[in-house]
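protein07.tsv (TSV, C-alpha atoms and all ligand atoms)
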```tsv
chain	number	residue	atom	x	y	z
Z	1	MET	CA	-17.21	-69.61	-6.51
Z	2	SER	CA	-16.04	-66.67	-4.43
Z	3	ALA	CA	-12.31	-66.57	-3.54
Z	4	THR	CA	-13.21	-65.58	0.02
Z	5	PRO	CA	-14.24	-68.73	1.89
Z	6	LEU	CA	-17.67	-68.89	3.48
Z	7	LEU	CA	-16.16	-70.07	6.74
Z	8	GLU	CA	-12.54	-70.38	7.69
Z	9	LEU	CA	-10.87	-71.60	10.83
Z	10	ARG	CA	-7.31	-70.27	10.58
Z	11	ASN	CA	-4.58	-71.65	12.87
Z	12	VAL	CA	-6.94	-71.79	15.82
Z	13	THR	CA	-5.69	-72.80	19.25
Z	14	LYS	CA	-7.92	-72.95	22.31
Z	15	VAL	CA	-6.42	-73.22	25.79
Z	16	PHE	CA	-8.57	-73.58	28.90
Z	17	GLN	CA	-7.22	-72.39	32.24
Z	18	SER	CA	-8.47	-74.30	35.29
Z	19	GLY	CA	-6.96	-72.30	38.20
Z	20	VAL	CA	-6.54	-68.60	38.91
Z	21	ARG	CA	-2.82	-68.67	38.16
Z	22	LYS	CA	-1.47	-69.25	34.69
Z	23	THR	CA	0.86	-72.24	35.16
Z	24	PRO	CA	1.48	-75.03	32.67
Z	25	ALA	CA	-0.29	-77.46	35.04
Z	26	ASN	CA	-3.42	-75.29	34.94
Z	27	MET	CA	-3.56	-75.05	31.17
Z	28	THR	CA	-5.28	-77.55	28.90
Z	29	VAL	CA	-4.81	-77.25	25.18
Z	30	ALA	CA	-8.19	-78.33	23.84
Z	31	LEU	CA	-7.38	-77.49	20.22
Z	32	ARG	CA	-4.00	-76.77	18.67
Z	33	ASP	CA	-3.32	-74.95	15.39
Z	34	ALA	CA	-6.45	-76.25	13.65
Z	35	SER	CA	-7.56	-74.94	10.27
Z	36	LEU	CA	-10.58	-75.66	8.10
Z	37	VAL	CA	-12.11	-74.06	5.02
Z	38	LEU	CA	-15.68	-74.17	3.74
Z	39	PRO	CA	-15.87	-72.43	0.37
Z	40	ASP	CA	-18.51	-69.94	-0.68
Z	41	GLY	CA	-20.78	-70.94	-3.58
Z	42	THR	CA	-20.26	-74.69	-3.26
Z	43	ALA	CA	-21.85	-76.86	-0.60
Z	44	THR	CA	-19.69	-79.48	1.10
Z	45	ALA	CA	-20.13	-82.10	3.81
Z	46	THR	CA	-17.23	-82.28	6.23
Z	47	ALA	CA	-16.93	-84.54	9.25
Z	48	ILE	CA	-15.08	-83.47	12.36
Z	49	ALA	CA	-14.34	-86.82	13.98
Z	50	GLY	CA	-12.68	-88.03	17.14
Z	51	GLU	CA	-13.18	-89.65	20.49
Z	52	SER	CA	-14.32	-87.88	23.60
Z	53	GLY	CA	-11.66	-85.29	24.54
Z	54	SER	CA	-10.41	-84.97	20.95
Z	55	GLY	CA	-11.35	-81.30	20.62
Z	56	LYS	CA	-14.30	-81.75	18.26
Z	57	THR	CA	-16.82	-80.19	20.62
Z	58	THR	CA	-14.40	-77.32	21.34
Z	59	MET	CA	-14.15	-76.76	17.60
Z	60	ALA	CA	-17.95	-76.71	17.29
Z	61	ARG	CA	-18.34	-74.26	20.21
Z	62	LEU	CA	-15.67	-72.01	18.68
Z	63	LEU	CA	-17.42	-72.05	15.32
Z	64	LEU	CA	-20.76	-71.21	16.92
Z	65	GLY	CA	-19.13	-68.28	18.71
Z	66	PHE	CA	-19.84	-69.72	22.21
Z	67	ILE	CA	-16.13	-69.41	23.11
Z	68	LYS	CA	-13.26	-67.37	21.65
Z	69	PRO	CA	-10.00	-68.71	20.25
Z	70	SER	CA	-6.85	-68.23	22.36
Z	71	GLU	CA	-4.91	-67.85	19.10
Z	72	GLY	CA	-5.90	-67.73	15.46
Z	73	GLN	CA	-9.08	-66.53	13.80
Z	74	ILE	CA	-12.49	-67.73	12.72
Z	75	LEU	CA	-13.66	-65.85	9.67
Z	76	TYR	CA	-17.15	-65.84	8.16
Z	77	LYS	CA	-17.23	-64.31	4.68
Z	78	GLY	CA	-13.84	-62.82	5.54
Z	79	VAL	CA	-14.96	-61.18	8.80
Z	80	ASP	CA	-13.55	-62.28	12.15
Z	81	ILE	CA	-16.57	-63.57	14.10
Z	82	THR	CA	-15.27	-62.02	17.34
Z	83	LYS	CA	-15.23	-58.59	15.71
Z	84	MET	CA	-18.60	-58.60	13.95
Z	85	ASP	CA	-21.01	-55.71	14.35
Z	86	LYS	CA	-24.58	-56.37	15.52
Z	87	ALA	CA	-26.04	-56.89	12.03
Z	88	GLN	CA	-23.21	-59.22	10.98
Z	89	ARG	CA	-23.58	-61.22	14.21
Z	90	LEU	CA	-27.33	-61.59	13.68
Z	91	ALA	CA	-26.77	-62.79	10.09
Z	92	TYR	CA	-24.10	-65.23	11.30
Z	93	ARG	CA	-26.45	-66.64	13.97
Z	94	ARG	CA	-29.10	-67.23	11.33
Z	95	GLU	CA	-26.83	-68.56	8.60
Z	96	VAL	CA	-24.90	-71.03	10.79
Z	97	GLN	CA	-27.45	-73.28	12.43
Z	98	PRO	CA	-26.68	-75.98	14.99
Z	99	ILE	CA	-28.46	-79.30	15.39
Z	100	PHE	CA	-27.68	-80.79	18.77
Z	101	GLN	CA	-27.26	-84.34	19.97
Z	102	ASP	CA	-30.23	-84.59	22.29
Z	103	PRO	CA	-33.39	-83.40	20.54
Z	104	PHE	CA	-35.39	-83.61	23.78
Z	105	GLU	CA	-33.22	-81.08	25.63
Z	106	VAL	CA	-33.97	-78.37	23.08
Z	107	TYR	CA	-37.72	-78.55	23.71
Z	108	ASN	CA	-39.65	-76.97	26.53
Z	109	PRO	CA	-41.99	-79.76	27.71
Z	110	PHE	CA	-44.74	-77.21	28.49
Z	111	TYR	CA	-44.92	-75.93	24.93
Z	112	LYS	CA	-46.19	-77.67	21.84
Z	113	VAL	CA	-43.48	-78.44	19.28
Z	114	ASP	CA	-44.82	-75.60	17.12
Z	115	HIS	CA	-43.05	-73.27	19.54
Z	116	VAL	CA	-39.52	-74.29	18.43
Z	117	LEU	CA	-40.52	-73.56	14.84
Z	118	THR	CA	-42.34	-70.25	15.26
Z	119	THR	CA	-39.96	-68.63	17.79
Z	120	PRO	CA	-36.88	-68.37	15.54
Z	121	LEU	CA	-39.01	-67.05	12.66
Z	122	ARG	CA	-40.29	-64.30	14.93
Z	123	ASN	CA	-36.82	-63.59	16.33
Z	124	PHE	CA	-35.28	-63.23	12.90
Z	125	GLY	CA	-38.33	-61.51	11.37
Z	126	LEU	CA	-38.74	-64.11	8.61
Z	127	TYR	CA	-41.82	-64.91	6.47
Z	128	ALA	CA	-44.21	-62.47	8.16
Z	129	GLY	CA	-47.81	-63.55	7.41
Z	130	GLU	CA	-46.84	-66.91	5.92
Z	131	GLU	CA	-45.14	-68.61	8.86
Z	132	GLN	CA	-47.58	-71.54	8.95
Z	133	LYS	CA	-47.16	-72.33	5.25
Z	134	ARG	CA	-43.34	-72.23	5.52
Z	135	ILE	CA	-43.34	-74.40	8.64
Z	136	GLU	CA	-45.50	-77.01	6.93
Z	137	GLU	CA	-43.22	-76.98	3.88
Z	138	ALA	CA	-40.13	-77.44	6.05
Z	139	LEU	CA	-41.72	-80.36	7.89
Z	140	GLU	CA	-42.64	-82.03	4.62
Z	141	MET	CA	-39.07	-81.57	3.38
Z	142	VAL	CA	-37.85	-83.76	6.24
Z	143	GLY	CA	-40.53	-86.38	5.71
Z	144	LEU	CA	-42.93	-85.35	8.49
Z	145	ARG	CA	-46.68	-84.86	8.06
Z	146	PRO	CA	-47.60	-81.43	9.44
Z	147	LYS	CA	-51.04	-82.62	10.58
Z	148	GLU	CA	-49.50	-85.43	12.64
Z	149	THR	CA	-46.69	-83.28	14.03
Z	150	LEU	CA	-47.96	-79.80	14.82
Z	151	GLY	CA	-50.09	-79.26	17.91
Z	152	ARG	CA	-48.31	-82.03	19.84
Z	153	TYR	CA	-46.10	-81.90	22.90
Z	154	PRO	CA	-42.48	-83.14	22.68
Z	155	HIS	CA	-43.18	-86.29	24.72
Z	156	GLN	CA	-45.89	-87.29	22.22
Z	157	LEU	CA	-43.29	-87.66	19.45
Z	158	SER	CA	-40.45	-90.16	19.01
Z	159	GLY	CA	-36.77	-89.19	19.31
Z	160	GLY	CA	-36.44	-89.47	15.53
Z	161	GLN	CA	-39.43	-87.17	14.93
Z	162	ARG	CA	-38.06	-84.63	17.39
Z	163	GLN	CA	-34.68	-84.64	15.67
Z	164	ARG	CA	-36.33	-84.24	12.24
Z	165	ILE	CA	-38.21	-81.23	13.56
Z	166	MET	CA	-34.80	-79.80	14.49
Z	167	VAL	CA	-33.62	-80.34	10.92
Z	168	ALA	CA	-36.83	-78.63	9.68
Z	169	ARG	CA	-36.20	-75.76	12.11
Z	170	ALA	CA	-32.67	-75.32	10.77
Z	171	LEU	CA	-33.97	-75.40	7.18
Z	172	LEU	CA	-36.61	-72.75	7.93
Z	173	LEU	CA	-33.91	-70.24	8.74
Z	174	ARG	CA	-32.35	-70.63	5.28
Z	175	PRO	CA	-28.86	-71.28	6.68
Z	176	ARG	CA	-25.65	-71.49	4.68
Z	177	ILE	CA	-24.12	-73.98	7.10
Z	178	ILE	CA	-25.63	-76.60	9.37
Z	179	MET	CA	-23.47	-77.82	12.20
Z	180	ALA	CA	-24.81	-81.14	13.40
Z	181	ASP	CA	-23.26	-82.40	16.65
Z	182	GLU	CA	-23.78	-86.16	17.00
Z	183	PRO	CA	-27.29	-85.72	15.56
Z	184	VAL	CA	-28.19	-89.42	15.46
Z	185	SER	CA	-26.52	-90.75	18.59
Z	186	MET	CA	-29.75	-90.55	20.62
Z	187	VAL	CA	-32.02	-91.76	17.82
Z	188	ASP	CA	-33.23	-95.33	17.26
Z	189	ALA	CA	-31.06	-97.27	14.82
Z	190	SER	CA	-34.07	-97.70	12.48
Z	191	LEU	CA	-34.35	-93.93	11.99
Z	192	ARG	CA	-30.66	-93.12	11.76
Z	193	ALA	CA	-30.38	-93.82	8.06
Z	194	THR	CA	-33.38	-91.59	7.30
Z	195	ILE	CA	-31.99	-88.66	9.25
Z	196	LEU	CA	-28.54	-89.11	7.72
Z	197	ASP	CA	-30.16	-89.11	4.27
Z	198	GLU	CA	-31.90	-85.86	5.12
Z	199	LEU	CA	-28.64	-84.30	6.22
Z	200	ARG	CA	-27.01	-85.40	2.99
Z	201	LYS	CA	-29.91	-83.89	1.03
Z	202	LEU	CA	-29.26	-80.55	2.68
Z	203	VAL	CA	-25.98	-80.50	0.79
Z	204	SER	CA	-27.02	-81.97	-2.56
Z	205	GLU	CA	-30.49	-80.42	-2.92
Z	206	PHE	CA	-30.45	-77.27	-0.82
Z	207	GLY	CA	-26.82	-76.20	-1.26
Z	208	ILE	CA	-26.26	-75.99	2.49
Z	209	SER	CA	-22.81	-76.93	3.76
Z	210	LEU	CA	-22.74	-79.51	6.52
Z	211	LEU	CA	-20.30	-79.81	9.39
Z	212	TYR	CA	-20.93	-83.20	10.90
Z	213	ILE	CA	-19.40	-83.64	14.34
Z	214	THR	CA	-19.14	-87.25	15.40
Z	215	HIS	CA	-17.23	-90.02	17.13
Z	216	ASP	CA	-18.69	-92.46	14.62
Z	217	LEU	CA	-16.59	-93.02	11.50
Z	218	THR	CA	-19.23	-95.19	9.85
Z	219	THR	CA	-21.81	-92.40	9.65
Z	220	ALA	CA	-19.08	-89.87	8.76
Z	221	TYR	CA	-18.23	-92.12	5.82
Z	222	GLN	CA	-21.88	-92.35	4.75
Z	223	VAL	CA	-22.62	-88.65	4.88
Z	224	CYS	CA	-19.45	-86.67	4.20
Z	225	ASP	CA	-17.01	-85.88	1.41
Z	226	ASP	CA	-14.17	-84.80	3.67
Z	227	ILE	CA	-13.07	-85.58	7.19
Z	228	VAL	CA	-10.89	-83.97	9.83
Z	229	VAL	CA	-9.75	-86.50	12.43
Z	230	LEU	CA	-8.81	-85.03	15.80
Z	231	TYR	CA	-6.84	-86.57	18.64
Z	232	GLN	CA	-6.30	-84.69	21.91
Z	233	GLY	CA	-6.81	-81.35	20.20
Z	234	THR	CA	-4.58	-81.96	17.19
Z	235	VAL	CA	-5.52	-82.76	13.61
Z	236	THR	CA	-4.12	-86.20	12.84
Z	237	GLU	CA	-5.48	-86.74	9.37
Z	238	VAL	CA	-7.57	-84.62	7.00
Z	239	GLY	CA	-8.93	-84.87	3.46
Z	240	SER	CA	-11.09	-87.17	1.37
Z	241	VAL	CA	-13.25	-89.35	3.61
Z	242	GLU	CA	-12.83	-92.20	1.12
Z	243	LYS	CA	-9.03	-92.07	1.36
Z	244	VAL	CA	-8.81	-91.47	5.10
Z	245	ILE	CA	-11.17	-94.27	6.07
Z	246	ARG	CA	-10.32	-96.80	3.37
Z	247	ASP	CA	-6.57	-96.35	3.65
Z	248	PRO	CA	-5.64	-94.41	6.80
Z	249	GLN	CA	-2.06	-93.16	7.02
Z	250	HIS	CA	-1.90	-91.99	10.62
Z	251	PRO	CA	-1.54	-94.72	13.28
Z	252	TYR	CA	-4.37	-93.17	15.30
Z	253	THR	CA	-6.76	-93.16	12.34
Z	254	ARG	CA	-5.77	-96.77	11.69
Z	255	LEU	CA	-6.65	-97.65	15.25
Z	256	LEU	CA	-10.03	-95.92	14.95
Z	257	VAL	CA	-10.79	-97.52	11.60
Z	258	SER	CA	-9.82	-100.95	12.87
Z	259	SER	CA	-12.72	-100.78	15.30
Z	260	ILE	CA	-15.40	-100.25	12.65
Z	261	PRO	CA	-16.77	-102.81	10.24
Z	262	LEU	CA	-16.13	-101.88	6.63
Z	263	PRO	CA	-17.27	-104.18	3.85
Z	264	ASP	CA	-13.84	-104.61	2.22
Z	265	ARG	CA	-12.26	-107.67	3.82
Z	266	THR	CA	-8.95	-107.09	2.05
Z	267	GLN	CA	-8.56	-103.89	4.07
Z	268	ARG	CA	-5.32	-103.83	6.07
Z	269	TRP	CA	-6.33	-103.11	9.65
Z	270	GLY	CA	-4.26	-100.87	11.91
Z	271	GLU	CA	-1.93	-101.83	14.70
Z	272	ASP	CA	-3.26	-102.95	18.01
Z	273	ASP	CA	-2.07	-100.57	20.73
Z	274	SER	CA	-1.78	-103.44	23.20
Z	275	ALA	CA	1.85	-103.53	22.09
Z	276	ILE	CA	2.56	-100.28	23.95
Z	277	THR	CA	5.05	-100.73	26.74
Z	278	GLU	CA	4.51	-99.32	30.23
Z	279	GLU	CA	7.62	-97.19	29.73
Z	280	GLN	CA	6.06	-95.61	26.62
Z	281	ALA	CA	2.77	-94.98	28.39
Z	282	ARG	CA	4.57	-93.25	31.30
Z	283	ARG	CA	6.56	-90.81	29.18
Z	284	SER	CA	4.93	-87.46	28.81
Z	285	THR	CA	5.45	-85.82	25.48
Z	286	SER	CA	6.02	-82.37	24.11
Z	287	GLY	CA	5.85	-83.88	20.66
Z	288	CYS	CA	3.17	-85.98	18.98
Z	289	ARG	CA	0.14	-86.32	21.27
Z	290	PHE	CA	-0.33	-89.89	20.11
Z	291	ALA	CA	3.24	-91.00	20.97
Z	292	PRO	CA	2.32	-92.64	24.34
Z	293	ARG	CA	-0.12	-94.91	22.49
Z	294	CYS	CA	1.82	-95.33	19.28
Z	295	ALA	CA	3.55	-98.64	18.67
Z	296	ARG	CA	5.70	-96.98	16.00
Z	297	ALA	CA	6.86	-93.90	17.95
Z	298	MET	CA	10.43	-92.82	17.16
Z	299	GLU	CA	12.74	-90.54	19.17
Z	300	GLU	CA	11.69	-87.38	17.31
Z	301	CYS	CA	8.01	-88.13	18.02
Z	302	TRP	CA	8.58	-87.33	21.72
Z	303	THR	CA	10.19	-83.94	21.19
Z	304	GLN	CA	8.65	-82.43	18.05
Z	305	ILE	CA	5.06	-81.85	17.03
Z	306	PRO	CA	4.61	-83.41	13.59
Z	307	PRO	CA	3.27	-80.99	10.97
Z	308	LEU	CA	0.74	-82.09	8.37
Z	309	PHE	CA	2.39	-83.96	5.49
Z	310	ARG	CA	0.53	-83.96	2.19
Z	311	VAL	CA	0.63	-87.68	1.51
Z	312	ASP	CA	-1.86	-87.49	-1.39
Z	313	PRO	CA	-3.30	-84.61	-3.43
Z	314	ASP	CA	-6.48	-84.99	-1.38
Z	315	ARG	CA	-5.22	-85.89	2.08
Z	316	ALA	CA	-2.67	-84.93	4.71
Z	317	ALA	CA	-1.51	-86.70	7.88
Z	318	SER	CA	0.48	-85.36	10.82
Z	319	CYS	CA	2.86	-88.23	11.37
Z	320	PHE	CA	6.65	-88.43	11.03
Z	321	LEU	CA	6.26	-91.81	9.34
Z	322	ARG	CA	5.17	-89.81	6.29
Z	323	LYS	CA	7.83	-87.11	6.42
Z	324	ASP	CA	8.86	-88.08	2.91
Z	325	ALA	CA	5.79	-86.11	1.73
Z	326	PRO	CA	5.77	-82.28	1.51
Z	327	VAL	CA	4.71	-80.30	4.56
Z	328	LEU	CA	1.25	-78.75	4.27
Z	329	PRO	CA	0.99	-75.63	6.47
Z	330	SER	CA	-2.13	-75.86	8.62
Z	331	GLU	CA	-3.70	-72.73	7.11
Z	332	GLN	CA	-3.43	-74.29	3.63
Z	333	VAL	CA	-5.49	-77.33	4.61
Z	334	GLY	CA	-8.18	-76.27	2.13
Z	335	GLN	CA	-5.91	-77.62	-0.62
Z	336	VAL	CA	-6.76	-81.20	0.33
Z	337	LEU	CA	-10.49	-80.60	0.78
Z	338	LYS	CA	-13.04	-81.52	-1.90
Z	339	VAL	CA	-13.79	-78.21	-3.51
Z	340	MET	CA	-10.26	-76.89	-3.46
Z	341	ARG	CA	-8.43	-79.83	-4.92
Z	342	PRO	CA	-7.92	-79.98	-8.67
Z	343	GLY	CA	-10.44	-81.99	-10.69
Z	344	ASP	CA	-13.13	-82.17	-8.00
Z	345	ALA	CA	-16.46	-80.58	-8.75
Z	346	GLY	CA	-18.55	-79.46	-5.84
Z	347	ASN	CA	-22.32	-79.35	-5.55
Z	348	ALA	CA	-23.85	-76.20	-6.88
Z	349	PRO	CA	-26.15	-74.55	-4.41
Z	350	ALA	CA	-29.88	-74.70	-5.08
Z	351	ALA	CA	-31.31	-71.56	-6.62
Z	401	LIG	FE1	3.35	-92.38	16.01
Z	401	LIG	FE2	5.40	-90.71	15.70
Z	401	LIG	FE3	3.47	-90.80	13.89
Z	401	LIG	FE4	3.00	-89.74	16.27
Z	401	LIG	S1	4.42	-88.96	14.72
Z	401	LIG	S2	1.68	-91.13	15.17
Z	401	LIG	S3	4.21	-91.07	17.55
Z	401	LIG	S4	4.91	-92.44	14.40
```

Could you write out this file's structure as structure tokens?
Ligand code: SF4
Amino acid sequence: MSATPLLELRNVTKVFQSGVRKTPANMTVALRDASLVLPDGTATATAIAGESGSGKTTMARLLLGFIKPSEGQILYKGVDITKMDKAQRLAYRREVQPIFQDPFEVYNPFYKVDHVLTTPLRNFGLYAGEEQKRIEEALEMVGLRPKETLGRYPHQLSGGQRQRIMVARALLLRPRIIMADEPVSMVDASLRATILDELRKLVSEFGISLLYITHDLTTAYQVCDDIVVLYQGTVTEVGSVEKVIRDPQHPYTRLLVSSIPLPDRTQRWGEDDSAITEEQARRSTSGCRFAPRCARAMEECWTQIPPLFRVDPDRAASCFLRKDAPVLPSEQVGQVLKVMRPGDAGNAPAA
């Protein structure tokens, strides 16, 4: 495994300005001091989870190069993605492939679905002379029959079939990373498990790393090894998905987990935030973003931003309730992720 990560988000902050003038009231911090590491040579599945407004979509747009960080860096194979030359940018666009939430929006209704498969091959100059064979192989890999899929218009296929074509399209480009943004939220429940299985196979069989962006902790738990939980632009808890979801340490993660059904009935569910007083809700905070909703907020929570505390070898939480644990600087977050932590073996990429 190369010492240089495949993809690294290093201390990234993103601030959006709404007016012409730069005043605190015009500035929204969508992401604050976030870091993430995907190693080179070992495929991993990492969930970026949170509610609407948590910063997960901002993180995805930053990683895809759609917007630039206000502070910090995004590095691909050690190169800052905002400073890449043309060839490096082209390689990055091919090797980091998105799969979006609404498979219908990606299609042009006037073209047959073949169009979304042939166009990227032409654009990237891949498989000249054997496009058809490669397309059919990719469709079969995601469980679709080429004869029943090709030659049809998008409206003639189900939402699940359209999303599987998107997975096949991503596979065709031989990516290193697939970034799937809520890929099953618009798909019938009956097909969700199949598509999630296919995403998981990308990691275990094809050696492609997966970034799974979701508000749904249940599917994150099914698909991923690691999770980064975001709340209002800050990382609240990060590390092993098993630890974070089975035994959350941050009050916000507990609240999220308490709303999903997990099979273990001995699980201790998190606090109910109905206990929050009006006075708490009114206080603005320059400290922990969760303080106005946190039933356990202390004085320091309102004035200081909690750093990440390494509460386990494979997990960190940004909450002063765990300040007994050592501080984990944001840029060292890789230490609690699957492939970096001692004793964990990753998945070797397919040859
Ligand atoms: Fe609650 Fe304080 Fe922890 Fe924030 S730092 S989650 S306010 S206890």

Worksheet entry | Test item: residues lying within 6 Å of ligand LIG 401 (chain Z) with only C-alpha atoms and all ligand atoms, as a list in words |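 The residues near ligand LIG 401 (chain Z) are His250, Pro251, Cys288, Phe290, Ala291, Cys294, Arg296, Ala297, Met298, Cys301, Pro306, Cys319, Phe320 and Leu321 of chain Z.
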
Would you mind exporting the chosen residues as a PDB file, in the frame of the given file, restricted to C-alpha atoms?
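Dumped everything to out-v4.pdb:
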```pdb
ATOM      1  CA  HIS Z 250      -1.900 -91.990  10.620  1.00  0.00           C
ATOM      2  CA  PRO Z 251      -1.540 -94.720  13.280  1.00  0.00           C
ATOM      3  CA  CYS Z 288       3.170 -85.980  18.980  1.00  0.00           C
ATOM      4  CA  PHE Z 290      -0.330 -89.890  20.110  1.00  0.00           C
ATOM      5  CA  ALA Z 291       3.240 -91.000  20.970  1.00  0.00           C
ATOM      6  CA  CYS Z 294       1.820 -95.330  19.280  1.00  0.00           C
ATOM      7  CA  ARG Z 296       5.700 -96.980  16.000  1.00  0.00           C
ATOM      8  CA  ALA Z 297       6.860 -93.900  17.950  1.00  0.00           C
ATOM      9  CA  MET Z 298      10.430 -92.820  17.160  1.00  0.00           C
ATOM     10  CA  CYS Z 301       8.010 -88.130  18.020  1.00  0.00           C
ATOM     11  CA  PRO Z 306       4.610 -83.410  13.590  1.00  0.00           C
ATOM     12  CA  CYS Z 319       2.860 -88.230  11.370  1.00  0.00           C
ATOM     13  CA  PHE Z 320       6.650 -88.430  11.030  1.00  0.00           C
ATOM     14  CA  LEU Z 321       6.260 -91.810   9.340  1.00  0.00           C
TER      15      LEU Z 321
END
```

Discussion item. Just the number, please: distance in Å from CA of Phe100 in chain Z to CA of Arg246 in chain Z, one decimal.
Written reply: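 According to the coordinates, CA of Phe100 in chain Z and CA of Arg246 in chain Z are separated by 28.2 Å.
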
Discussion item. So that I can see what lies close to Tyr221 in chain Z, please list as a PyMOL selection string the residues with an atom at most 9 Å from it, counting all atoms listed in the file and leaving out residues fewer than 3 positions away in the same chain.
Written reply: chain Z and resi 47+216-218+224-227+241-242+245

Discussion item. Report, in Å with one decimal, the straight-line distance from CA of Arg134 in chain Z to CA of Gly151 in chain Z.
Written reply: 15.8 Å

Worksheet item: How would you write as a ChimeraX atom specification the residues that get within 12 Å of (-2.4, -74.0, 15.2) in the file's frame, counting only C-alpha atoms?
Response: /Z:9-15,29-36,69-73,233-235,305-308,329-333

Discussion item. What does the structure give for the distance between CA of Ser318 in chain Z and CA of Ile74 in chain Z, in Å to one decimal?
Written reply: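 If I compute the distance from CA of Ser318 in chain Z to CA of Ile74 in chain Z, I get 22.0 Å.
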
Write out as a CSV table (one decimal) with C-alpha atoms, in the frame of the given file each polymer residue whose atoms come within 8 Å of range 192-200 of chain Z, counting only C-alpha atoms; drop sequence neighbours fewer than 5 positions from it.
```
chain,number,residue,atom,x,y,z
Z,45,ALA,CA,-20.1,-82.1,3.8
Z,142,VAL,CA,-37.8,-83.8,6.2
Z,160,GLY,CA,-36.4,-89.5,15.5
Z,164,ARG,CA,-36.3,-84.2,12.2
Z,167,VAL,CA,-33.6,-80.3,10.9
Z,184,VAL,CA,-28.2,-89.4,15.5
Z,187,VAL,CA,-32.0,-91.8,17.8
Z,210,LEU,CA,-22.7,-79.5,6.5
Z,219,THR,CA,-21.8,-92.4,9.6
Z,222,GLN,CA,-21.9,-92.4,4.8
Z,223,VAL,CA,-22.6,-88.6,4.9
Z,224,CYS,CA,-19.4,-86.7,4.2
```

Fill in: Spatial neighbours of Val113 in chain Z, max dist 7 Å, all atoms listed in the file, sep filter under 6 positions, as an MDAnalysis selection string
chainID Z and resid 150:154

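Within 10 Å of range 82-85 of chain Z, once all atoms listed in the file are used and residues closer than 5 positions along the same chain are dropped, the contacting residues are Gly65, Ile67, Lys68, Pro69, Gln73, Ile74, Leu75, Tyr76, Leu90, Ala91 and Tyr92 of chain Z.
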
Find the residues around Leu121 in chain Z up to 8 Å (all atoms listed in the file counted), leave out those fewer than 5 positions away in its own chain, and share them as a compact mmCIF listing (two decimals) with C-alpha atoms, in the coordinates of the input.
```txt
# COMPACT_ATOMS: atom_id res chain seq x y z
CA LEU Z 126 -38.74 -64.11 8.61
CA TYR Z 127 -41.82 -64.91 6.47
CA GLU Z 131 -45.14 -68.61 8.86
CA LEU Z 172 -36.61 -72.75 7.93
CA LEU Z 173 -33.91 -70.24 8.74
```

Item to complete: Check the smallest atom-to-atom distance from each of Z:Leu63, Z:Glu8, Z:Val228, Z:Arg174 to Gly207 in chain Z using only C-alpha atoms, then report the winner.
Response: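 Checking each of Z:Leu63, Z:Glu8, Z:Val228, Z:Arg174 against Gly207 in chain Z, counting only C-alpha atoms, the winner is Z:Arg174.
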
Discussion item. Just checking: using all atoms listed in the file, which residue out of Z:Val244, Z:Leu62, Z:Leu255, Z:Leu211 ends up closest to Asp312 in chain Z?
Written reply: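 The shortest atom-to-atom distance to Asp312 in chain Z comes from Z:Val244.
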
Worksheet entry | Closest of Z:Arg94, Z:Lys323, Z:Lys77, Z:Arg169 to Asp114 in chain Z - atom-to-atom distances counting only C-alpha atoms | Z:Arg169

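Minimum atom-to-atom distances from Z:Arg176, Z:Gln17, Z:Leu157, Z:Val229 to Gly50 in chain Z were compared using only C-alpha atoms, and the lowest value belongs to Z:Val229.
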
Taking (-0.6, -86.8, 2.0) in the coordinates of the supplied file, I want to know which residues reach to within 8 Å of it, counting all atoms listed in the file; could you give the answer as a short mmCIF file (atom, residue, chain, number, x, y, z; two decimals) with C-alpha atoms, keeping the file's coordinate frame?
```cif
data_model
loop_
_atom_site.label_atom_id
_atom_site.label_comp_id
_atom_site.auth_asym_id
_atom_site.auth_seq_id
_atom_site.Cartn_x
_atom_site.Cartn_y
_atom_site.Cartn_z
CA PHE Z 309 2.39 -83.96 5.49
CA ARG Z 310 0.53 -83.96 2.19
CA VAL Z 311 0.63 -87.68 1.51
CA ASP Z 312 -1.86 -87.49 -1.39
CA PRO Z 313 -3.30 -84.61 -3.43
CA ASP Z 314 -6.48 -84.99 -1.38
CA ARG Z 315 -5.22 -85.89 2.08
CA ALA Z 316 -2.67 -84.93 4.71
CA ALA Z 317 -1.51 -86.70 7.88
CA ARG Z 322 5.17 -89.81 6.29
CA ALA Z 325 5.79 -86.11 1.73
CA PRO Z 326 5.77 -82.28 1.51
#
```

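For the set Z:Ala49, Z:Ile260, Z:Leu6, Z:Met166, the residue with the smallest atom-to-atom gap to Thr214 in chain Z is Z:Ala49, counting all atoms listed in the file.
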
Could you complete range 90-95 of chain Z so that it carries N, CA and C atoms, and give it back as a tab-separated table (two decimals), in the coordinates of the input?
```
chain	number	residue	atom	x	y	z
Z	90	LEU	N	-25.97	-61.07	13.84
Z	90	LEU	CA	-27.33	-61.59	13.68
Z	90	LEU	C	-27.39	-62.48	12.43
Z	91	ALA	N	-26.77	-62.00	11.34
Z	91	ALA	CA	-26.77	-62.79	10.09
Z	91	ALA	C	-26.01	-64.10	10.32
Z	92	TYR	N	-24.89	-64.02	11.03
Z	92	TYR	CA	-24.10	-65.23	11.30
Z	92	TYR	C	-24.91	-66.23	12.11
Z	93	ARG	N	-25.64	-65.74	13.12
Z	93	ARG	CA	-26.45	-66.64	13.97
Z	93	ARG	C	-27.57	-67.31	13.18
Z	94	ARG	N	-28.05	-66.62	12.14
Z	94	ARG	CA	-29.10	-67.23	11.33
Z	94	ARG	C	-28.51	-68.20	10.30
Z	95	GLU	N	-27.38	-67.80	9.73
Z	95	GLU	CA	-26.83	-68.56	8.60
Z	95	GLU	C	-26.02	-69.79	9.02
```
